[in-house]
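> One structure coming up, written as structure tokens, with questions to follow.
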Amino acid sequence: MGQARRCRRVGQQPHPQPDHGRHHAQAGRAGAPAATEGRGLTAWAIVGASGGVGGALADVIAATGAPVVRLSRRTGLDLTDEGSIAAAFAPLADLAGVIVATGLLHREDRQPERDWRQLDAAWMAENFAINTIGPALVAKHALPKLRRGDPSVFAALSARVGSIADNRLGGWHSYRASKVALNMLVRTLAIELARKNPAAVAVTLHPGTVDTGLSKPFQRNVAPEKLFTPAHSAAQLWRVIQGLTREDNGFALAWDGQRIPF
Ligand SMILES: NC(=O)c1ccc[n+]([C@@H]2O[C@H](COP(=O)([O-])OP(=O)(O)OC[C@H]3O[C@@H](n4cnc5c(N)ncnc54)[C@H](OP(=O)(O)O)[C@@H]3O)[C@@H](O)[C@H]2O)c1
């Protein structure tokens, strides 16, 4: 598809403004974003910037000089409260990208299922609230804020275990199912996005197995070279994001740029 190849890739800034970038990156890091943050600038918004991968992604993007708005529960955005999502995005405009880096796999008193006898309605609902419904509500308020004309991206972190085709091990029922549903939602949103903002793309991304709080209890059998630092995963993901074209719209991609089968 020549058209896709000819169009500018999403990581490219049409009007680089490095000084503004540094200012805004720091403003976002300090706490709630200023009301003007991102307005008229080619800013990136990271939802879940308090997390391992989300924080590293914010750092990687800020290091390029691009403005970064760091959103999380610390700045008042809670995925279970749509009003807080709407309020976080209300002051933003002309965004170059939005990355949803939130996620839930376990809590102190809750582990992913290993057996169907462990299925529990409340835990399943919590997985879907954080891994599926929250990111969808972010999309609802963030997609209209993507810049028009120049390329832009909406990316939600999913997981390879959310691939039905790749599921040979079983287990982690609620997490897997919530990520499958996330992939479907982003695919559906991407089709709508292509009509409403043809320069934008929406994808889900698998960050690899990353040394964060989310993976901590499950790292025992991971070979050291397959356990990424958050900084390494973020650098890989940023490379993938920068290379996105319209041909990728609606698909799931891994940290190495490979498409993950649904
Ligand atoms: N780490 C891995 O090996 C791995 C592998 C495959 C996929 N992933 C995916 O990558 C993404 C990032 O994971 P990570 O490893 O960086 O996990 P992490 O360090 O545990 O970060 C999780 C993030 O989600 C946020 N979050 C949870 N509940 C929230 C809520 N109700 N409202 C707002 N934010 C909420 C957390 O915010 P607080 O700081 O406020 O708790 C935190 O920012 C997730 O989608 C995960 O499924 C990770």
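Residues are referred to by chain and number: the chain letter is A, B, ... according to the order shown in the structure tokens, the number counts from 1 in that chain, and ligands are numbered separately from 1 in the order shown.
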Could you list the protein, DNA and RNA residues that have any atom within 7 Å of ligand 1, counting only C-alpha atoms and all ligand atoms, and write them as a ChimeraX atom specification?
/A:48-54,72-74,77-80,101-105,130-131,157-160,206-215
> If you run DSSP on the backbone here, which positions in segment 55-141 of chain A get alpha helix (DSSP H)? Please write them as a ChimeraX atom specification.
/A:55-63,82-89,121-128,134-141
> Could those selected residues go to a file with C-alpha atoms, as a PDB file, in the first residue's frame?

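Final file, out.pdb:
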ATOM      1  CA  GLY A  55       6.916   5.599  33.334  1.00  0.00           C
ATOM      2  CA  ALA A  56       9.740   4.369  31.114  1.00  0.00           C
ATOM      3  CA  LEU A  57       7.753   5.215  27.973  1.00  0.00           C
ATOM      4  CA  ALA A  58       7.136   8.730  29.273  1.00  0.00           C
ATOM      5  CA  ASP A  59      10.879   9.096  29.913  1.00  0.00           C
ATOM      6  CA  VAL A  60      11.825   7.826  26.436  1.00  0.00           C
ATOM      7  CA  ILE A  61       9.414  10.206  24.722  1.00  0.00           C
ATOM      8  CA  ALA A  62      10.364  13.166  26.927  1.00  0.00           C
ATOM      9  CA  ALA A  63      14.027  12.545  26.048  1.00  0.00           C
ATOM     10  CA  GLU A  82     -15.051   7.983  33.749  1.00  0.00           C
ATOM     11  CA  GLY A  83     -15.430  11.526  35.037  1.00  0.00           C
ATOM     12  CA  SER A  84     -11.778  11.553  36.074  1.00  0.00           C
ATOM     13  CA  ILE A  85     -10.747  10.348  32.585  1.00  0.00           C
ATOM     14  CA  ALA A  86     -12.859  13.036  30.932  1.00  0.00           C
ATOM     15  CA  ALA A  87     -11.396  15.700  33.230  1.00  0.00           C
ATOM     16  CA  ALA A  88      -7.833  14.604  32.473  1.00  0.00           C
ATOM     17  CA  PHE A  89      -8.324  14.888  28.709  1.00  0.00           C
ATOM     18  CA  ALA A 121     -17.192 -13.016  39.361  1.00  0.00           C
ATOM     19  CA  ALA A 122     -15.793 -10.075  41.308  1.00  0.00           C
ATOM     20  CA  TRP A 123     -12.170 -10.742  40.257  1.00  0.00           C
ATOM     21  CA  MET A 124     -13.233 -11.262  36.649  1.00  0.00           C
ATOM     22  CA  ALA A 125     -15.127  -7.979  36.725  1.00  0.00           C
ATOM     23  CA  GLU A 126     -12.092  -6.201  38.187  1.00  0.00           C
ATOM     24  CA  ASN A 127      -9.856  -7.550  35.406  1.00  0.00           C
ATOM     25  CA  PHE A 128     -12.293  -6.331  32.780  1.00  0.00           C
ATOM     26  CA  GLY A 134     -10.915   1.566  31.448  1.00  0.00           C
ATOM     27  CA  PRO A 135      -8.767   1.733  28.290  1.00  0.00           C
ATOM     28  CA  ALA A 136     -11.948   1.888  26.162  1.00  0.00           C
ATOM     29  CA  LEU A 137     -13.169   4.869  28.172  1.00  0.00           C
ATOM     30  CA  VAL A 138      -9.764   6.501  27.764  1.00  0.00           C
ATOM     31  CA  ALA A 139     -10.154   6.015  24.004  1.00  0.00           C
ATOM     32  CA  LYS A 140     -13.600   7.606  24.148  1.00  0.00           C
ATOM     33  CA  HIS A 141     -12.133  10.803  25.606  1.00  0.00           C
TER      34      HIS A 141
END
> Each residue of segment 197-244 of chain A lying at most 12 Å from segment 96-100 of chain A should get a row with its shortest atom-to-atom pair and the distance in Å to one decimal, counting only C-alpha atoms; could you produce that, ordered by chain and increasing number, as CSV?

residue,atom,partner,partner_atom,distance
A:Ala199,CA,A:Ala96,CA,10.7
A:Ala200,CA,A:Gly97,CA,8.9
A:Val201,CA,A:Gly97,CA,9.4
A:Ala202,CA,A:Val98,CA,9.5
A:Val203,CA,A:Ile99,CA,9.7
A:Thr204,CA,A:Val100,CA,9.2
A:Leu205,CA,A:Ile99,CA,9.7
A:His206,CA,A:Val100,CA,11.9
A:Ala234,CA,A:Ile99,CA,11.4
A:Leu237,CA,A:Ile99,CA,10.6
A:Trp238,CA,A:Ile99,CA,10.5
A:Ile241,CA,A:Gly97,CA,9.4
A:Gln242,CA,A:Gly97,CA,10.5
A:Leu244,CA,A:Gly97,CA,11.7
> Taking 3 positions as the minimum chain separation for residues in the same chain, which residues sit within 12 Å of Ile164 of chain A when counting only C-alpha atoms? Answer as a list in words.
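Counting only the stated atoms, we get Ala159, Arg160, Val161, Asn167, Arg168, Leu169, Gly170, His173, Arg176, Ala177, Ser178, Lys179, Val180, Ala181, Asn183, Met184, Ile260, Pro261 and Phe262 of chain A.
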> Rank nothing, just name the residue among A:Leu146, A:Ile46, A:Val153, A:Ala93 nearest to Leu71 of chain A, using only C-alpha atoms.
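For Leu71 of chain A, the nearest of the given residues is A:Ile46.
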> Could you jot down the atom CA of Glu247 of chain A to atom CA of Pro230 of chain A separation for me, Å, one decimal place?
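Pair atom CA of Glu247 of chain A / atom CA of Pro230 of chain A returns 27.3 Å.
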> Could you work out how far atom CA of Ala252 of chain A lies from atom CA of Ala155 of chain A, giving the answer in Å with one decimal?
9.5 Å
> Can you list, as a list of chain:residue names, every residue of segment 15-230 of chain A that DSSP puts in strand (DSSP E)?
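The residues of segment 15-230 of chain A classed as strand (DSSP E) are A:Trp44, A:Ala45, A:Ile46, A:Val47, A:Val68, A:Val69, A:Arg70, A:Leu71, A:Gly97, A:Val98, A:Ile99, A:Val100, A:Ser152, A:Val153, A:Phe154, A:Ala155, A:Ala156, A:Leu157, A:Ala200, A:Val201, A:Ala202, A:Val203, A:Thr204, A:Leu205, A:His206, A:Thr209, A:Val210, A:Leu227, A:Phe228.
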> Report, in Å with one decimal, the straight-line distance from atom CA of Trp44 of chain A to atom CA of Arg246 of chain A.
18.9 Å
